[in-house]
Amino acid sequence: MSKSSVRSYDVLNRIARVKAAQASMALAEASRAEQAASSHVDQASSLCVAASTARERCISSDGSLHLGEYWMLTELHDSLQVRREAAVDVLQEAQAEQSARGLAAGSAQRFADGVEEELTQRRHEVTREIEGRLLADSLELWMQHGEEA
(Lines give C-alpha, C1' and ligand atoms only; values in the text may rest on other atoms or scores of the structure.)
Protein backbone atom coordinates (compact mmCIF):
# COMPACT_ATOMS: atom_id res chain seq x y z
CA MET A 1 0.00 0.00 0.00
CA SER A 2 1.17 3.46 -0.76
CA LYS A 3 0.48 6.80 0.83
CA SER A 4 -1.04 7.99 -2.45
CA SER A 5 -3.61 5.20 -2.20
CA VAL A 6 -4.51 6.39 1.28
CA ARG A 7 -4.78 9.99 0.04
CA SER A 8 -7.01 8.84 -2.82
CA TYR A 9 -9.31 6.98 -0.46
CA ASP A 10 -9.30 9.97 1.90
CA VAL A 11 -10.55 12.20 -0.93
CA LEU A 12 -13.10 9.57 -1.99
CA ASN A 13 -14.25 9.34 1.64
CA ARG A 14 -14.81 13.11 1.81
CA ILE A 15 -16.72 13.05 -1.47
CA ALA A 16 -18.83 10.10 -0.33
CA ARG A 17 -19.64 11.84 2.98
CA VAL A 18 -20.75 14.99 1.14
CA LYS A 19 -22.95 12.95 -1.20
CA ALA A 20 -24.43 11.07 1.76
CA ALA A 21 -25.17 14.39 3.50
CA GLN A 22 -26.78 15.76 0.34
CA ALA A 23 -28.91 12.63 -0.02
CA SER A 24 -29.95 12.95 3.62
CA MET A 25 -30.95 16.58 3.08
CA ALA A 26 -32.95 15.58 -0.01
CA LEU A 27 -34.70 12.92 2.07
CA ALA A 28 -35.56 15.50 4.74
CA GLU A 29 -36.97 17.79 2.06
CA ALA A 30 -39.05 14.95 0.62
CA SER A 31 -40.30 14.15 4.11
CA ARG A 32 -41.43 17.75 4.62
CA ALA A 33 -43.20 17.67 1.24
CA GLU A 34 -44.94 14.42 2.22
CA GLN A 35 -46.08 15.93 5.52
CA ALA A 36 -47.43 19.00 3.74
CA ALA A 37 -49.28 16.82 1.21
CA SER A 38 -50.72 14.73 4.04
CA SER A 39 -51.92 17.91 5.73
CA HIS A 40 -53.64 19.00 2.49
CA VAL A 41 -55.39 15.63 2.23
CA ASP A 42 -56.58 15.91 5.83
CA GLN A 43 -57.84 19.43 5.23
CA ALA A 44 -59.64 18.46 2.01
CA SER A 45 -61.20 15.44 3.72
CA SER A 46 -62.45 17.60 6.59
CA LEU A 47 -64.01 20.06 4.16
CA CYS A 48 -65.72 17.20 2.27
CA VAL A 49 -67.18 15.86 5.49
CA ALA A 50 -68.35 19.33 6.50
CA ALA A 51 -70.04 19.91 3.11
CA SER A 52 -71.68 16.49 3.25
CA THR A 53 -72.93 17.11 6.78
CA ALA A 54 -74.31 20.52 5.79
CA ARG A 55 -76.01 18.96 2.76
CA GLU A 56 -77.68 16.34 4.96
CA ARG A 57 -79.03 19.11 7.22
CA CYS A 58 -80.88 20.56 4.22
CA ILE A 59 -83.26 17.66 4.50
CA SER A 60 -85.42 18.58 7.44
CA SER A 61 -87.06 16.12 9.77
CA ASP A 62 -90.49 16.89 8.34
CA GLY A 63 -89.37 15.71 4.89
CA SER A 64 -89.06 19.11 3.25
CA LEU A 65 -85.99 19.92 1.19
CA HIS A 66 -84.30 23.27 0.70
CA LEU A 67 -83.50 22.58 -2.93
CA GLY A 68 -81.30 25.61 -3.72
CA GLU A 69 -79.13 25.12 -0.66
CA TYR A 70 -79.00 21.36 -1.22
CA TRP A 71 -77.91 21.82 -4.83
CA MET A 72 -75.24 24.38 -3.86
CA LEU A 73 -73.87 22.11 -1.12
CA THR A 74 -73.89 19.12 -3.50
CA GLU A 75 -71.83 21.12 -6.00
CA LEU A 76 -69.50 22.24 -3.21
CA HIS A 77 -69.11 18.66 -1.99
CA ASP A 78 -68.34 17.41 -5.51
CA SER A 79 -65.79 20.18 -5.98
CA LEU A 80 -64.17 19.43 -2.64
CA GLN A 81 -64.12 15.73 -3.50
CA VAL A 82 -62.17 16.51 -6.68
CA ARG A 83 -59.81 18.67 -4.60
CA ARG A 84 -59.37 15.81 -2.13
CA GLU A 85 -58.61 13.32 -4.90
CA ALA A 86 -56.02 15.70 -6.35
CA ALA A 87 -54.48 16.08 -2.89
CA VAL A 88 -54.37 12.28 -2.53
CA ASP A 89 -52.56 12.03 -5.88
CA VAL A 90 -50.02 14.63 -4.74
CA LEU A 91 -49.59 12.75 -1.46
CA GLN A 92 -48.94 9.47 -3.28
CA GLU A 93 -46.33 11.17 -5.48
CA ALA A 94 -44.70 12.71 -2.40
CA GLN A 95 -44.63 9.32 -0.68
CA ALA A 96 -43.05 7.72 -3.74
CA GLU A 97 -40.46 10.51 -3.90
CA GLN A 98 -39.72 10.12 -0.20
CA SER A 99 -39.27 6.38 -0.65
CA ALA A 100 -36.93 6.86 -3.60
CA ARG A 101 -34.89 9.46 -1.75
CA GLY A 102 -34.77 7.20 1.29
CA LEU A 103 -33.31 4.42 -0.81
CA ALA A 104 -30.80 6.83 -2.36
CA ALA A 105 -29.80 8.18 1.05
CA GLY A 106 -29.35 4.67 2.42
CA SER A 107 -27.28 3.64 -0.55
CA ALA A 108 -25.09 6.76 -0.31
CA GLN A 109 -24.58 6.17 3.40
CA ARG A 110 -23.62 2.52 2.88
CA PHE A 111 -21.15 3.53 0.16
CA ALA A 112 -19.63 6.21 2.40
CA ASP A 113 -19.33 3.70 5.25
CA GLY A 114 -17.63 1.20 2.94
CA VAL A 115 -15.16 3.79 1.71
CA GLU A 116 -14.38 4.84 5.27
CA GLU A 117 -13.81 1.21 6.24
CA GLU A 118 -11.48 0.71 3.27
CA LEU A 119 -9.65 3.94 4.13
CA THR A 120 -9.13 2.76 7.70
CA GLN A 121 -7.83 -0.58 6.47
CA ARG A 122 -5.41 1.07 4.04
CA ARG A 123 -4.15 3.42 6.74
CA HIS A 124 -3.45 0.43 8.98
CA GLU A 125 -1.61 -1.34 6.16
CA VAL A 126 0.56 1.70 5.45
CA THR A 127 1.28 2.04 9.17
CA ARG A 128 2.27 -1.64 9.36
CA GLU A 129 4.57 -1.23 6.35
CA ILE A 130 6.24 1.80 7.91
CA GLU A 131 6.60 0.01 11.25
CA GLY A 132 8.05 -3.03 9.43
CA ARG A 133 10.62 -0.88 7.65
CA LEU A 134 11.51 0.90 10.89
CA LEU A 135 11.94 -2.45 12.64
CA ALA A 136 14.14 -3.76 9.82
CA ASP A 137 16.24 -0.57 9.92
CA SER A 138 16.51 -0.83 13.72
CA LEU A 139 17.66 -4.46 13.49
CA GLU A 140 20.18 -3.58 10.83
CA LEU A 141 21.59 -0.75 12.96
CA TRP A 142 21.69 -3.00 16.02
CA MET A 143 23.51 -5.70 14.06
CA GLN A 144 25.98 -3.13 12.70
CA HIS A 145 26.55 -1.82 16.19
CA GLY A 146 27.16 -5.37 17.45
CA GLU A 147 29.75 -6.00 14.70
CA GLU A 148 31.60 -2.81 15.56
CA ALA A 149 31.86 -3.75 19.21
# chains A, B, ... in the order shown; residues from 1 in each chain; ligands from 1
$ residues_around --residues "range 14-20 of chain A" --least-positions-apart "2" --cutoff "10 Å" --atoms "only C-alpha atoms" --output "list in words"
Tyr9, Asp10, Val11, Leu12, Gln22, Ala23, Ser24, Met25, Ala26, Ala104, Ala105, Gly106, Ser107, Ala108, Gln109, Arg110, Phe111, Ala112, Asp113, Gly114, Val115 and Glu116 of chain A
$ residues_around --residues "Ala50 in chain A" --least-positions-apart "4" --cutoff "12 Å" --atoms "only C-alpha atoms" --output "ChimeraX atom specification"
/A:43-46,54-57,73-74,76-77,80-81
$ atom_distance --atom1 "CA of Val126 in chain A" --atom2 "CA of Lys3 in chain A"
6.9 Å
$ atom_distance --atom1 "CA of Glu129 in chain A" --atom2 "CA of Gln144 in chain A"
22.4 Å
$ closest_residue --among "A:Val49, A:Leu139, A:Ile130, A:Leu27" --to "Ala96 in chain A" --atoms "only C-alpha atoms"
A:Leu27
$ atom_distance --atom1 "CA of Cys48 in chain A" --atom2 "CA of Asp78 in chain A"
8.2 Å
$ residues_around --residues "range 28-32 of chain A" --least-positions-apart "2" --cutoff "8 Å" --atoms "only C-alpha atoms" --output "list in words"
Ser24, Met25, Ala26, Glu34, Gln35, Ala36, Ala94, Glu97, Gln98 and Arg101 of chain A
$ write_last_selection --atoms "all heavy atoms" --output "PDB file, in the first residue's frame"
ATOM      1  N   SER A  24     -29.183  12.844   2.377  1.00  0.00           N
ATOM      2  CA  SER A  24     -29.946  12.952   3.623  1.00  0.00           C
ATOM      3  C   SER A  24     -30.777  14.236   3.646  1.00  0.00           C
ATOM      4  O   SER A  24     -31.934  14.229   4.081  1.00  0.00           O
ATOM      5  CB  SER A  24     -28.983  12.927   4.813  1.00  0.00           C
ATOM      6  OG  SER A  24     -29.683  13.041   6.017  1.00  0.00           O
ATOM      7  N   MET A  25     -30.206  15.319   3.145  1.00  0.00           N
ATOM      8  CA  MET A  25     -30.950  16.576   3.081  1.00  0.00           C
ATOM      9  C   MET A  25     -32.109  16.463   2.090  1.00  0.00           C
ATOM     10  O   MET A  25     -33.208  16.972   2.344  1.00  0.00           O
ATOM     11  CB  MET A  25     -30.016  17.716   2.693  1.00  0.00           C
ATOM     12  CG  MET A  25     -29.073  18.101   3.817  1.00  0.00           C
ATOM     13  SD  MET A  25     -27.791  19.310   3.409  1.00  0.00           S
ATOM     14  CE  MET A  25     -28.607  20.483   2.391  1.00  0.00           C
ATOM     15  N   ALA A  26     -31.884  15.782   0.978  1.00  0.00           N
ATOM     16  CA  ALA A  26     -32.954  15.585  -0.008  1.00  0.00           C
ATOM     17  C   ALA A  26     -34.072  14.737   0.600  1.00  0.00           C
ATOM     18  O   ALA A  26     -35.257  14.991   0.352  1.00  0.00           O
ATOM     19  CB  ALA A  26     -32.400  14.931  -1.265  1.00  0.00           C
ATOM     20  N   GLU A  34     -43.945  15.460   1.939  1.00  0.00           N
ATOM     21  CA  GLU A  34     -44.938  14.418   2.220  1.00  0.00           C
ATOM     22  C   GLU A  34     -45.844  14.841   3.371  1.00  0.00           C
ATOM     23  O   GLU A  34     -47.059  14.643   3.332  1.00  0.00           O
ATOM     24  CB  GLU A  34     -44.232  13.095   2.529  1.00  0.00           C
ATOM     25  CG  GLU A  34     -45.157  11.894   2.613  1.00  0.00           C
ATOM     26  CD  GLU A  34     -45.667  11.636   4.014  1.00  0.00           C
ATOM     27  OE1 GLU A  34     -45.028  12.081   4.991  1.00  0.00           O
ATOM     28  OE2 GLU A  34     -46.716  10.987   4.149  1.00  0.00           O
ATOM     29  N   GLN A  35     -45.277  15.459   4.384  1.00  0.00           N
ATOM     30  CA  GLN A  35     -46.080  15.929   5.517  1.00  0.00           C
ATOM     31  C   GLN A  35     -47.043  17.028   5.085  1.00  0.00           C
ATOM     32  O   GLN A  35     -48.208  17.052   5.513  1.00  0.00           O
ATOM     33  CB  GLN A  35     -45.175  16.427   6.642  1.00  0.00           C
ATOM     34  CG  GLN A  35     -44.444  15.317   7.367  1.00  0.00           C
ATOM     35  CD  GLN A  35     -43.422  15.841   8.367  1.00  0.00           C
ATOM     36  OE1 GLN A  35     -43.098  17.020   8.389  1.00  0.00           O
ATOM     37  NE2 GLN A  35     -42.898  14.946   9.187  1.00  0.00           N
ATOM     38  N   ALA A  36     -46.571  17.925   4.231  1.00  0.00           N
ATOM     39  CA  ALA A  36     -47.434  19.000   3.738  1.00  0.00           C
ATOM     40  C   ALA A  36     -48.575  18.423   2.895  1.00  0.00           C
ATOM     41  O   ALA A  36     -49.729  18.843   3.031  1.00  0.00           O
ATOM     42  CB  ALA A  36     -46.617  19.997   2.918  1.00  0.00           C
ATOM     43  N   ALA A  94     -45.656  12.302  -3.439  1.00  0.00           N
ATOM     44  CA  ALA A  94     -44.702  12.708  -2.404  1.00  0.00           C
ATOM     45  C   ALA A  94     -44.187  11.495  -1.637  1.00  0.00           C
ATOM     46  O   ALA A  94     -42.990  11.417  -1.309  1.00  0.00           O
ATOM     47  CB  ALA A  94     -45.354  13.707  -1.449  1.00  0.00           C
ATOM     48  N   GLU A  97     -41.712   9.738  -3.873  1.00  0.00           N
ATOM     49  CA  GLU A  97     -40.462  10.509  -3.902  1.00  0.00           C
ATOM     50  C   GLU A  97     -39.685  10.312  -2.609  1.00  0.00           C
ATOM     51  O   GLU A  97     -38.469  10.140  -2.627  1.00  0.00           O
ATOM     52  CB  GLU A  97     -40.767  11.996  -4.123  1.00  0.00           C
ATOM     53  CG  GLU A  97     -39.553  12.871  -4.189  1.00  0.00           C
ATOM     54  CD  GLU A  97     -38.716  12.674  -5.431  1.00  0.00           C
ATOM     55  OE1 GLU A  97     -39.209  12.107  -6.422  1.00  0.00           O
ATOM     56  OE2 GLU A  97     -37.536  13.093  -5.405  1.00  0.00           O
ATOM     57  N   GLN A  98     -40.384  10.329  -1.492  1.00  0.00           N
ATOM     58  CA  GLN A  98     -39.720  10.118  -0.205  1.00  0.00           C
ATOM     59  C   GLN A  98     -39.100   8.722  -0.149  1.00  0.00           C
ATOM     60  O   GLN A  98     -37.980   8.553   0.323  1.00  0.00           O
ATOM     61  CB  GLN A  98     -40.701  10.308   0.949  1.00  0.00           C
ATOM     62  CG  GLN A  98     -40.053  10.146   2.306  1.00  0.00           C
ATOM     63  CD  GLN A  98     -41.029  10.278   3.447  1.00  0.00           C
ATOM     64  OE1 GLN A  98     -42.239  10.227   3.254  1.00  0.00           O
ATOM     65  NE2 GLN A  98     -40.515  10.437   4.638  1.00  0.00           N
ATOM     66  N   ARG A 101     -35.995   8.719  -2.372  1.00  0.00           N
ATOM     67  CA  ARG A 101     -34.890   9.460  -1.748  1.00  0.00           C
ATOM     68  C   ARG A 101     -34.356   8.728  -0.523  1.00  0.00           C
ATOM     69  O   ARG A 101     -33.170   8.814  -0.217  1.00  0.00           O
ATOM     70  CB  ARG A 101     -35.332  10.867  -1.399  1.00  0.00           C
ATOM     71  CG  ARG A 101     -35.548  11.690  -2.664  1.00  0.00           C
ATOM     72  CD  ARG A 101     -35.582  13.131  -2.426  1.00  0.00           C
ATOM     73  NE  ARG A 101     -35.802  13.836  -3.681  1.00  0.00           N
ATOM     74  CZ  ARG A 101     -35.684  15.119  -3.807  1.00  0.00           C
ATOM     75  NH1 ARG A 101     -35.322  15.845  -2.771  1.00  0.00           N
ATOM     76  NH2 ARG A 101     -35.903  15.695  -4.963  1.00  0.00           N
TER      77      ARG A 101
END
